[in-house]
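Here is target37.cif, consisting of mmCIF, C-alpha atoms:
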```
data_protein
loop_
_atom_site.label_atom_id
_atom_site.label_comp_id
_atom_site.auth_asym_id
_atom_site.auth_seq_id
_atom_site.Cartn_x
_atom_site.Cartn_y
_atom_site.Cartn_z
CA MET A 617 4.43 -35.32 -21.19
CA ILE A 618 4.09 -31.57 -21.50
CA LYS A 619 1.50 -31.52 -18.67
CA MET A 620 -0.01 -28.29 -19.98
CA LEU A 621 -3.55 -29.65 -20.04
CA ASP A 622 -3.27 -30.52 -16.34
CA ALA A 623 -2.19 -26.98 -15.60
CA TYR A 624 -4.96 -25.57 -17.83
CA ASN A 625 -7.61 -27.67 -16.08
CA MET A 626 -6.32 -26.81 -12.62
CA VAL A 627 -6.43 -23.08 -13.38
CA LYS A 628 -9.90 -23.42 -14.89
CA ASP A 629 -11.33 -25.57 -12.07
CA GLU A 630 -10.02 -23.23 -9.43
CA ASN A 631 -11.22 -20.05 -11.24
CA ILE A 632 -7.72 -18.61 -11.28
CA ILE A 633 -7.04 -15.44 -13.28
CA LEU A 634 -3.45 -14.79 -12.23
CA ILE A 635 -0.58 -16.83 -10.86
CA TYR A 636 2.82 -15.47 -10.01
CA SER A 637 5.64 -17.37 -8.42
CA GLY A 638 9.19 -16.14 -8.11
CA PRO A 639 11.25 -13.11 -7.17
CA ILE A 640 9.34 -10.00 -6.17
CA TRP A 641 10.98 -6.62 -6.74
CA ASN A 642 9.49 -3.27 -7.64
CA ASP A 643 9.62 -3.32 -11.45
CA GLY A 644 8.38 -6.88 -11.52
CA MET A 645 5.55 -6.08 -9.15
CA GLN A 646 4.64 -3.03 -11.22
CA GLY A 647 4.34 -5.25 -14.30
CA ILE A 648 2.04 -7.69 -12.54
CA ALA A 649 0.03 -4.76 -11.16
CA GLU A 650 -0.53 -3.42 -14.69
CA ASN A 651 -1.68 -6.84 -15.77
CA LEU A 652 -4.07 -7.20 -12.87
CA LYS A 653 -5.53 -3.73 -13.48
CA LYS A 654 -6.29 -4.56 -17.12
CA ARG A 655 -7.95 -7.77 -16.03
CA LEU A 656 -10.07 -5.97 -13.40
CA GLU A 657 -11.18 -3.43 -16.02
CA PHE A 658 -12.35 -6.37 -18.08
CA ASP A 659 -14.55 -7.53 -15.20
CA GLU A 660 -16.30 -4.12 -15.07
CA LEU A 661 -16.34 -3.89 -11.29
CA PRO A 662 -17.29 -0.82 -9.29
CA LEU A 663 -14.14 1.16 -8.43
CA SER A 664 -14.35 0.28 -4.73
CA ALA A 665 -14.32 -3.46 -5.51
CA SER A 666 -11.46 -3.33 -8.01
CA GLN A 667 -9.47 -1.08 -5.67
CA SER A 668 -10.01 -3.52 -2.81
CA VAL A 669 -8.64 -6.39 -4.91
CA PHE A 670 -5.75 -4.23 -6.07
CA SER A 671 -5.00 -3.02 -2.57
CA VAL A 672 -4.90 -6.54 -1.08
CA PHE A 673 -2.66 -7.59 -3.97
CA VAL A 674 -0.21 -4.73 -3.29
CA GLU A 675 -0.11 -5.31 0.46
CA GLN A 676 0.40 -9.06 0.06
CA MET A 677 3.19 -8.45 -2.44
CA ASN A 678 4.73 -6.05 0.07
CA ASN A 679 4.42 -8.59 2.86
CA ILE A 680 6.30 -11.14 0.77
CA LEU A 681 8.86 -8.51 -0.16
CA MET A 682 9.51 -7.62 3.46
CA TYR A 683 9.03 -10.89 5.29
CA SER A 684 9.80 -13.78 2.97
CA ALA A 685 12.67 -15.88 4.27
CA GLU A 686 13.52 -17.04 0.77
CA LYS A 687 15.82 -14.76 -1.21
CA GLN A 688 17.14 -14.76 -4.73
CA HIS A 689 20.13 -12.88 -6.04
CA LEU A 690 19.16 -10.80 -9.08
CA HIS A 691 21.41 -9.13 -11.59
CA LEU A 692 19.41 -6.51 -13.49
CA LYS A 693 20.61 -3.56 -15.57
CA GLU A 694 24.09 -3.75 -14.05
CA LYS A 695 22.61 -3.68 -10.57
CA GLU A 696 22.80 -6.57 -8.19
CA PHE A 697 20.46 -7.13 -5.31
CA ASP A 698 18.72 -9.74 -3.21
CA VAL A 699 14.98 -10.05 -3.65
CA SER A 700 12.33 -11.98 -1.79
CA LYS A 701 10.58 -14.92 -3.32
CA GLY A 702 6.99 -15.91 -2.93
CA MET A 703 3.82 -16.87 -4.70
CA LEU A 704 0.50 -15.21 -5.34
CA ILE A 705 -2.72 -16.50 -6.87
CA ILE A 706 -5.79 -14.44 -7.71
CA GLY A 707 -9.12 -15.90 -8.75
CA VAL A 708 -12.68 -14.85 -9.33
CA ILE A 709 -15.74 -16.91 -8.56
CA GLU A 710 -18.70 -16.34 -10.91
CA GLY A 711 -17.40 -12.88 -11.79
CA LYS A 712 -18.32 -11.57 -8.34
CA SER A 713 -16.19 -12.80 -5.50
CA TYR A 714 -12.41 -12.58 -5.68
CA PHE A 715 -9.86 -14.51 -3.72
CA ILE A 716 -6.20 -13.75 -3.26
CA ARG A 717 -3.84 -16.38 -1.90
CA SER A 718 -0.25 -15.74 -1.07
CA GLY A 719 2.52 -18.01 0.10
CA ASN A 720 6.09 -17.61 1.20
CA LEU A 721 8.67 -19.13 3.49
CA VAL A 722 9.07 -17.68 6.95
CA LYS A 723 11.43 -18.37 9.80
CA ASN A 724 9.76 -20.38 12.55
CA SER A 725 10.80 -17.74 15.06
CA GLY A 726 8.57 -15.21 13.25
CA ILE A 727 5.41 -17.33 13.27
CA GLU A 728 4.04 -16.25 16.65
CA LEU A 729 4.09 -12.56 15.73
CA ILE A 730 2.25 -13.09 12.44
CA LYS A 731 -0.26 -15.39 14.14
CA SER A 732 -1.03 -13.01 16.96
CA ARG A 733 -1.46 -10.10 14.55
CA ILE A 734 -3.86 -11.90 12.23
CA ASP A 735 -5.80 -13.49 15.10
CA HIS A 736 -6.29 -10.07 16.62
CA LEU A 737 -7.40 -8.51 13.33
CA ASN A 738 -9.88 -11.35 12.86
CA THR A 739 -11.67 -10.35 16.08
CA LEU A 740 -12.31 -6.79 14.87
CA ASP A 741 -15.24 -5.52 12.79
CA LYS A 742 -14.84 -3.00 9.95
CA GLN A 743 -15.30 0.08 12.14
CA GLN A 744 -12.81 -1.24 14.69
CA LEU A 745 -10.35 -2.00 11.90
CA ARG A 746 -10.71 1.53 10.55
CA LYS A 747 -9.94 2.91 14.02
CA PHE A 748 -7.06 0.49 14.58
CA TYR A 749 -5.52 1.41 11.21
CA LYS A 750 -5.53 5.06 12.17
CA GLU A 751 -4.07 4.35 15.61
CA GLN A 752 -1.29 2.22 14.17
CA ILE A 753 -0.47 4.73 11.50
CA ARG A 754 -0.06 7.31 14.27
CA ALA A 755 1.89 5.12 16.60
CA GLU A 756 5.60 4.99 16.21
CA ASN A 757 6.84 1.62 15.18
CA THR A 758 7.97 0.02 18.42
CA ASN A 759 8.98 -3.30 16.96
CA PRO A 760 12.29 -3.01 15.10
CA GLU A 761 11.71 -6.43 13.53
CA SER A 762 8.64 -5.11 11.76
CA LYS A 763 9.22 -2.80 8.84
CA GLY A 764 5.63 -1.69 8.46
CA ALA A 765 4.01 -1.84 11.92
CA GLY A 766 1.64 -4.41 10.49
CA ILE A 767 -0.35 -1.63 8.78
CA GLY A 768 -0.35 -3.65 5.57
CA LEU A 769 -2.07 -6.52 7.34
CA ILE A 770 -4.70 -4.16 8.78
CA GLU A 771 -5.32 -2.81 5.28
CA ILE A 772 -5.82 -6.39 4.04
CA ALA A 773 -8.28 -7.09 6.88
CA ARG A 774 -10.20 -3.88 6.08
CA ARG A 775 -10.71 -4.84 2.44
CA ALA A 776 -11.45 -8.52 3.11
CA THR A 777 -14.89 -10.03 3.17
CA GLY A 778 -14.82 -12.23 6.26
CA LYS A 779 -11.71 -13.25 8.10
CA ILE A 780 -8.13 -13.66 6.93
CA GLU A 781 -7.46 -17.39 6.63
CA TYR A 782 -3.94 -18.61 7.13
CA GLU A 783 -1.81 -21.63 7.88
CA PHE A 784 1.80 -22.50 8.58
CA THR A 785 3.12 -25.74 7.14
CA PRO A 786 6.47 -27.02 8.39
CA TYR A 787 9.05 -26.83 5.60
CA LYS A 788 12.73 -27.61 6.15
CA GLY A 789 14.82 -26.89 9.23
CA ASP A 790 13.91 -23.57 10.79
CA PHE A 791 11.41 -22.68 8.09
CA SER A 792 7.67 -22.96 7.51
CA PHE A 793 5.51 -22.14 4.54
CA PHE A 794 3.07 -19.36 5.35
CA SER A 795 -0.17 -19.36 3.33
CA MET A 796 -2.81 -16.68 3.47
CA LEU A 797 -6.25 -16.50 1.86
CA VAL A 798 -8.48 -13.46 1.59
CA TYR A 799 -11.87 -13.09 -0.11
CA ILE A 800 -13.15 -9.82 -1.51
CA MET B 1254 16.10 30.72 -3.50
CA ALA B 1255 13.73 29.34 -6.10
CA PHE B 1256 13.02 25.69 -5.69
CA ILE B 1257 11.17 23.69 -8.32
CA LEU B 1258 10.77 19.94 -8.28
CA GLU B 1259 8.80 18.13 -10.94
CA ARG B 1260 8.67 14.39 -11.34
CA GLN B 1261 6.54 12.54 -13.86
CA ARG B 1262 4.18 9.79 -12.87
CA THR B 1263 5.34 6.17 -13.19
CA GLY B 1264 3.55 2.84 -12.82
CA SER B 1265 4.05 2.92 -9.06
CA THR B 1266 4.87 6.51 -8.14
CA PRO B 1267 2.80 9.71 -8.39
CA TYR B 1268 3.32 12.93 -10.32
CA VAL B 1269 5.06 15.42 -8.06
CA PHE B 1270 5.22 19.17 -8.44
CA ILE B 1271 6.70 21.55 -5.93
CA ASP B 1272 7.04 25.31 -6.38
CA GLY B 1273 9.00 26.51 -3.38
CA ASP B 1274 8.45 30.25 -4.06
CA LYS B 1275 4.70 29.87 -4.15
CA GLY B 1276 4.56 27.39 -1.29
CA TYR B 1277 2.83 24.87 -3.47
CA ILE B 1278 3.00 21.10 -3.58
CA LYS B 1279 0.98 18.68 -5.66
CA LEU B 1280 0.85 14.88 -5.69
CA GLU B 1281 -1.26 13.09 -8.25
CA GLY B 1282 -1.69 9.44 -9.19
CA GLU B 1283 -0.77 6.21 -7.49
CA SER B 1284 1.87 5.28 -4.96
CA PHE B 1285 2.95 1.75 -4.13
CA HIS B 1286 6.66 1.67 -4.91
CA GLU B 1287 8.52 -0.78 -2.67
CA ASN B 1288 10.90 2.02 -1.75
CA VAL B 1289 8.32 4.69 -1.10
CA VAL B 1290 10.32 6.11 1.82
CA GLU B 1291 13.20 6.83 -0.57
CA PHE B 1292 10.79 8.41 -3.07
CA PHE B 1293 9.46 10.84 -0.46
CA LYS B 1294 12.88 11.73 0.94
CA ASP B 1295 13.55 14.93 -1.04
CA ILE B 1296 9.89 15.90 -0.84
CA ASN B 1297 10.03 15.71 2.95
CA ALA B 1298 13.41 17.45 3.02
CA TRP B 1299 11.91 20.36 1.10
CA LEU B 1300 8.81 20.38 3.29
CA ASP B 1301 10.87 20.46 6.48
CA SER B 1302 12.96 23.40 5.30
CA PHE B 1303 9.91 25.23 3.95
CA LEU B 1304 7.96 24.82 7.19
CA ALA B 1305 10.97 26.04 9.17
CA SER B 1306 11.15 29.19 6.99
CA GLU B 1307 9.18 32.43 7.38
CA PHE B 1308 6.41 31.36 5.04
CA THR B 1309 2.91 32.81 5.00
CA GLU B 1310 1.03 30.26 2.96
CA LEU B 1311 1.37 26.62 1.89
CA THR B 1312 -1.02 24.80 -0.42
CA PHE B 1313 -0.99 21.04 -0.82
CA ASP B 1314 -3.10 19.58 -3.62
CA CYS B 1315 -3.33 15.87 -2.92
CA ALA B 1316 -5.01 14.20 -5.89
CA MET B 1317 -4.11 10.60 -5.22
CA GLU B 1318 -6.10 7.81 -6.84
CA TYR B 1319 -4.57 5.00 -4.84
CA PHE B 1320 -1.79 4.58 -2.29
CA ASN B 1321 -0.59 1.66 -0.23
CA SER B 1322 -0.28 1.51 3.54
CA SER B 1323 3.39 2.59 3.58
CA THR B 1324 2.47 5.69 1.58
CA ALA B 1325 -0.49 6.35 3.89
CA LYS B 1326 1.92 6.52 6.78
CA LEU B 1327 4.15 9.00 4.94
CA LEU B 1328 1.26 11.19 3.80
CA PHE B 1329 -0.18 11.26 7.28
CA ASN B 1330 3.19 12.30 8.70
CA MET B 1331 3.42 15.08 6.11
CA LEU B 1332 -0.03 16.32 7.10
CA LEU B 1333 0.78 16.22 10.83
CA ASN B 1334 3.98 18.12 10.10
CA MET B 1335 2.09 20.77 8.12
CA ASP B 1336 -0.55 20.96 10.85
CA ASP B 1337 2.06 21.75 13.50
CA TYR B 1338 3.16 24.82 11.53
CA ALA B 1339 -0.29 26.11 10.58
CA ILE B 1340 -0.23 28.56 13.49
CA ASP B 1341 0.76 32.17 14.21
CA GLY B 1342 -0.80 33.56 11.05
CA LYS B 1343 0.73 30.92 8.80
CA LYS B 1344 -1.85 29.41 6.53
CA VAL B 1345 -1.77 25.81 5.33
CA VAL B 1346 -4.44 24.58 2.93
CA VAL B 1347 -4.78 20.91 2.01
CA ASN B 1348 -7.04 20.05 -0.90
CA TRP B 1349 -7.85 16.34 -0.78
CA ILE B 1350 -8.99 15.87 -4.38
CA THR B 1351 -10.76 12.70 -5.43
CA THR B 1352 -13.71 11.31 -7.34
CA VAL B 1353 -17.15 10.38 -6.03
CA ASP B 1354 -16.61 6.65 -6.56
CA ASN B 1355 -13.25 6.49 -4.78
CA ASP B 1356 -14.55 5.31 -1.38
CA ILE B 1357 -11.14 4.27 -0.08
CA ILE B 1358 -9.52 7.67 -0.68
CA ILE B 1359 -12.55 9.55 0.65
CA GLU B 1360 -12.59 7.45 3.83
CA CYS B 1361 -8.86 7.91 4.31
CA GLY B 1362 -9.22 11.69 3.89
CA GLU B 1363 -11.96 11.74 6.53
CA ASP B 1364 -9.79 9.77 8.93
CA PHE B 1365 -6.78 12.03 8.43
CA GLU B 1366 -8.86 15.20 8.77
CA GLU B 1367 -10.07 14.12 12.22
CA GLU B 1368 -6.49 14.20 13.49
CA LEU B 1369 -5.65 17.65 12.12
CA ASN B 1370 -6.37 20.74 14.18
CA ASN B 1371 -4.86 23.81 12.60
CA LEU B 1372 -4.66 23.51 8.85
CA GLU B 1373 -7.56 24.02 6.46
CA PHE B 1374 -8.61 20.66 5.01
CA ASN B 1375 -10.88 20.68 1.98
CA MET B 1376 -12.37 17.46 0.67
CA ILE B 1377 -12.91 18.09 -3.03
CA ILE B 1378 -14.99 15.40 -4.64
CA GLN B 1379 -15.15 15.75 -8.39
#
```
Encoding of this model in structure tokens:
Amino acid sequence: MIKMLDAYNMVKDENIILIYSGPIWNDGMQGIAENLKKRLEFDELPLSASQSVFSVFVEQMNNILMYSAEKQHLHLKEKEFDVSKGMLIIGVIEGKSYFIRSGNLVKNSGIELIKSRIDHLNTLDKQQLRKFYKEQIRAENTNPESKGAGIGLIEIARRATGKIEYEFTPYKGDFSFFSMLVYI
Amino acid sequence: MAFILERQRTGSTPYVFIDGDKGYIKLEGESFHENVVEFFKDINAWLDSFLASEFTELTFDCAMEYFNSSTAKLLFNMLLNMDDYAIDGKKVVVNWITTVDNDIIIECGEDFEEELNNLEFNMIIQ
């Protein structure tokens, strides 16, 4: 069994236009970004819509890059480094509404922080998010654990239609799988 | 001492041009490199030394089409830094250059401008 028809049908049924799973490092991300841009051009969206999709894509990629608990050792062009692993799926429903799902492993000890941040963002409206973004960008990063003061998450919330959906599924040992879903 | 820095645009970093003698800096394009802090290091180093010098005028043409949240933080810090020095007869002009359909960049420019007190901020919508 090659199972390709199953994969084809799954992608078609779920209106998926892009799936990426694996190591995420800058050159790789840049390649996927180029791909996504071409695809968005094809959909002839207004700039604000395509930029919103692109922006959520970039911030989610960055979140995986910074927070994924799963690492892979890469050996590229005589350079060796550890990169984060994760998964990202983008889809479009009837050529209008986009969804971006991301998934990566996290340490259980980090769950509460992510939860509290997203829950808080989900209580804010667009004007409040705009204000909060500016405040956070001004504020010095007080949490040494966080490498971006959660500004990326605020940006995702600003571009999202509706709330950020998320779940944590217990994985192995000290790890859970963190899934996030955003509509644009 | 003449200082020129020019860096071509890549898939995730902007075009950079700095002419130290003229007090001119330009950024153009997109910025979402994973290591954006590293990318801005020499730009900020130049800016710090320029601002500390006896300059009379600094012009910053910011023609960004898209930047991620990490870059937003860096740009905002650059602007705050410039704003602090735009006093005592020293002139700092920031041209925030964008297009009419780029809502995200326009909004961001408006938000940054609200926090700046001394420098001249021009929103240029082409």
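When only C-alpha atoms are used to measure the gap to A:Glu675, the shortest distance among B:Asn1348, B:Ser1323, B:Asn1371, B:Thr1266 belongs to B:Ser1323.
For the atom pair formed by atom CA of A:Ile727 and atom CA of A:Glu630, the distance is 28.1 Å, given to one decimal.
Using all atoms listed in the file, the shortest contact distance between chain A and any of B:Gln1261, B:Ser1302, B:Thr1309, B:Ser1322 is found at B:Ser1322.
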Residue with smallest distance to B:Glu1363 - pool A:Ser700, A:Val672, A:Arg746, A:His736, counting all atoms listed in the file: A:Arg746
Neighbours of chain A in chain B at 12 Å, counting all atoms listed in the file, as a ChimeraX atom specification: /B:1263-1266,1283-1290,1318-1333,1352-1369
Closest of A:Asp741, A:Glu751, A:Asp622, A:Glu686 to A:Arg774 - atom-to-atom distances counting all atoms listed in the file: A:Asp741
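Listed by chain and then by number, the residues chosen by the PyMOL selection byres ((chain B and resi 1316) around 10) in this file are Pro1267, Tyr1268, Lys1279, Leu1280, Glu1281, Gly1282, Glu1283, Phe1313, Asp1314, Cys1315, Met1317, Glu1318, Tyr1319, Asn1348, Trp1349, Ile1350, Thr1351, Thr1352, Ile1358 and Ile1377 of chain B.
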Take the PyMOL selection byres ((chain A and resi 709) around 12), apply it to the structure above, and return the hits as an mmCIF file with C-alpha atoms, in the coordinates of the input.
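Generated output (result-v9.cif):
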```
data_model
loop_
_atom_site.group_PDB
_atom_site.id
_atom_site.type_symbol
_atom_site.label_atom_id
_atom_site.label_comp_id
_atom_site.auth_asym_id
_atom_site.auth_seq_id
_atom_site.Cartn_x
_atom_site.Cartn_y
_atom_site.Cartn_z
ATOM 1 C CA LYS A 628 -9.900 -23.420 -14.890
ATOM 2 C CA ASP A 629 -11.330 -25.570 -12.070
ATOM 3 C CA GLU A 630 -10.020 -23.230 -9.430
ATOM 4 C CA ASN A 631 -11.220 -20.050 -11.240
ATOM 5 C CA ILE A 632 -7.720 -18.610 -11.280
ATOM 6 C CA ILE A 633 -7.040 -15.440 -13.280
ATOM 7 C CA ASP A 659 -14.550 -7.530 -15.200
ATOM 8 C CA ILE A 706 -5.790 -14.440 -7.710
ATOM 9 C CA GLY A 707 -9.120 -15.900 -8.750
ATOM 10 C CA VAL A 708 -12.680 -14.850 -9.330
ATOM 11 C CA GLU A 710 -18.700 -16.340 -10.910
ATOM 12 C CA GLY A 711 -17.400 -12.880 -11.790
ATOM 13 C CA LYS A 712 -18.320 -11.570 -8.340
ATOM 14 C CA SER A 713 -16.190 -12.800 -5.500
ATOM 15 C CA TYR A 714 -12.410 -12.580 -5.680
ATOM 16 C CA PHE A 715 -9.860 -14.510 -3.720
ATOM 17 C CA ILE A 716 -6.200 -13.750 -3.260
ATOM 18 C CA TYR A 799 -11.870 -13.090 -0.110
ATOM 19 C CA ILE A 800 -13.150 -9.820 -1.510
#
```
Selection as a ChimeraX atom specification: residues within 12 Å of (13.7, 16.9, -0.5), counting all atoms listed in the file: /B:1256-1259,1269-1271,1273,1278,1290-1303
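Residue membership of the PyMOL selection byres ((chain B and resi 1344) around 9) in the shown file amounts to B:Phe1308, B:Thr1309, B:Glu1310, B:Leu1311, B:Thr1312, B:Tyr1338, B:Ala1339, B:Ile1340, B:Asp1341, B:Gly1342, B:Lys1343, B:Val1345, B:Val1346, B:Asn1371, B:Leu1372, B:Glu1373.
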Expected file: the selected residues, C-alpha atoms, as a PDB file, in the coordinates of the input:
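That gives us again23.pdb:
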```pdb
ATOM      1  CA  PHE B1308       6.410  31.360   5.040  1.00  0.00           C
ATOM      2  CA  THR B1309       2.910  32.810   5.000  1.00  0.00           C
ATOM      3  CA  GLU B1310       1.030  30.260   2.960  1.00  0.00           C
ATOM      4  CA  LEU B1311       1.370  26.620   1.890  1.00  0.00           C
ATOM      5  CA  THR B1312      -1.020  24.800  -0.420  1.00  0.00           C
ATOM      6  CA  TYR B1338       3.160  24.820  11.530  1.00  0.00           C
ATOM      7  CA  ALA B1339      -0.290  26.110  10.580  1.00  0.00           C
ATOM      8  CA  ILE B1340      -0.230  28.560  13.490  1.00  0.00           C
ATOM      9  CA  ASP B1341       0.760  32.170  14.210  1.00  0.00           C
ATOM     10  CA  GLY B1342      -0.800  33.560  11.050  1.00  0.00           C
ATOM     11  CA  LYS B1343       0.730  30.920   8.800  1.00  0.00           C
ATOM     12  CA  VAL B1345      -1.770  25.810   5.330  1.00  0.00           C
ATOM     13  CA  VAL B1346      -4.440  24.580   2.930  1.00  0.00           C
ATOM     14  CA  ASN B1371      -4.860  23.810  12.600  1.00  0.00           C
ATOM     15  CA  LEU B1372      -4.660  23.510   8.850  1.00  0.00           C
ATOM     16  CA  GLU B1373      -7.560  24.020   6.460  1.00  0.00           C
TER      17      GLU B1373
END
```
Atomic separation - atom CA of A:Leu737 relative to atom CA of A:Tyr636, Å: 26.4 Å
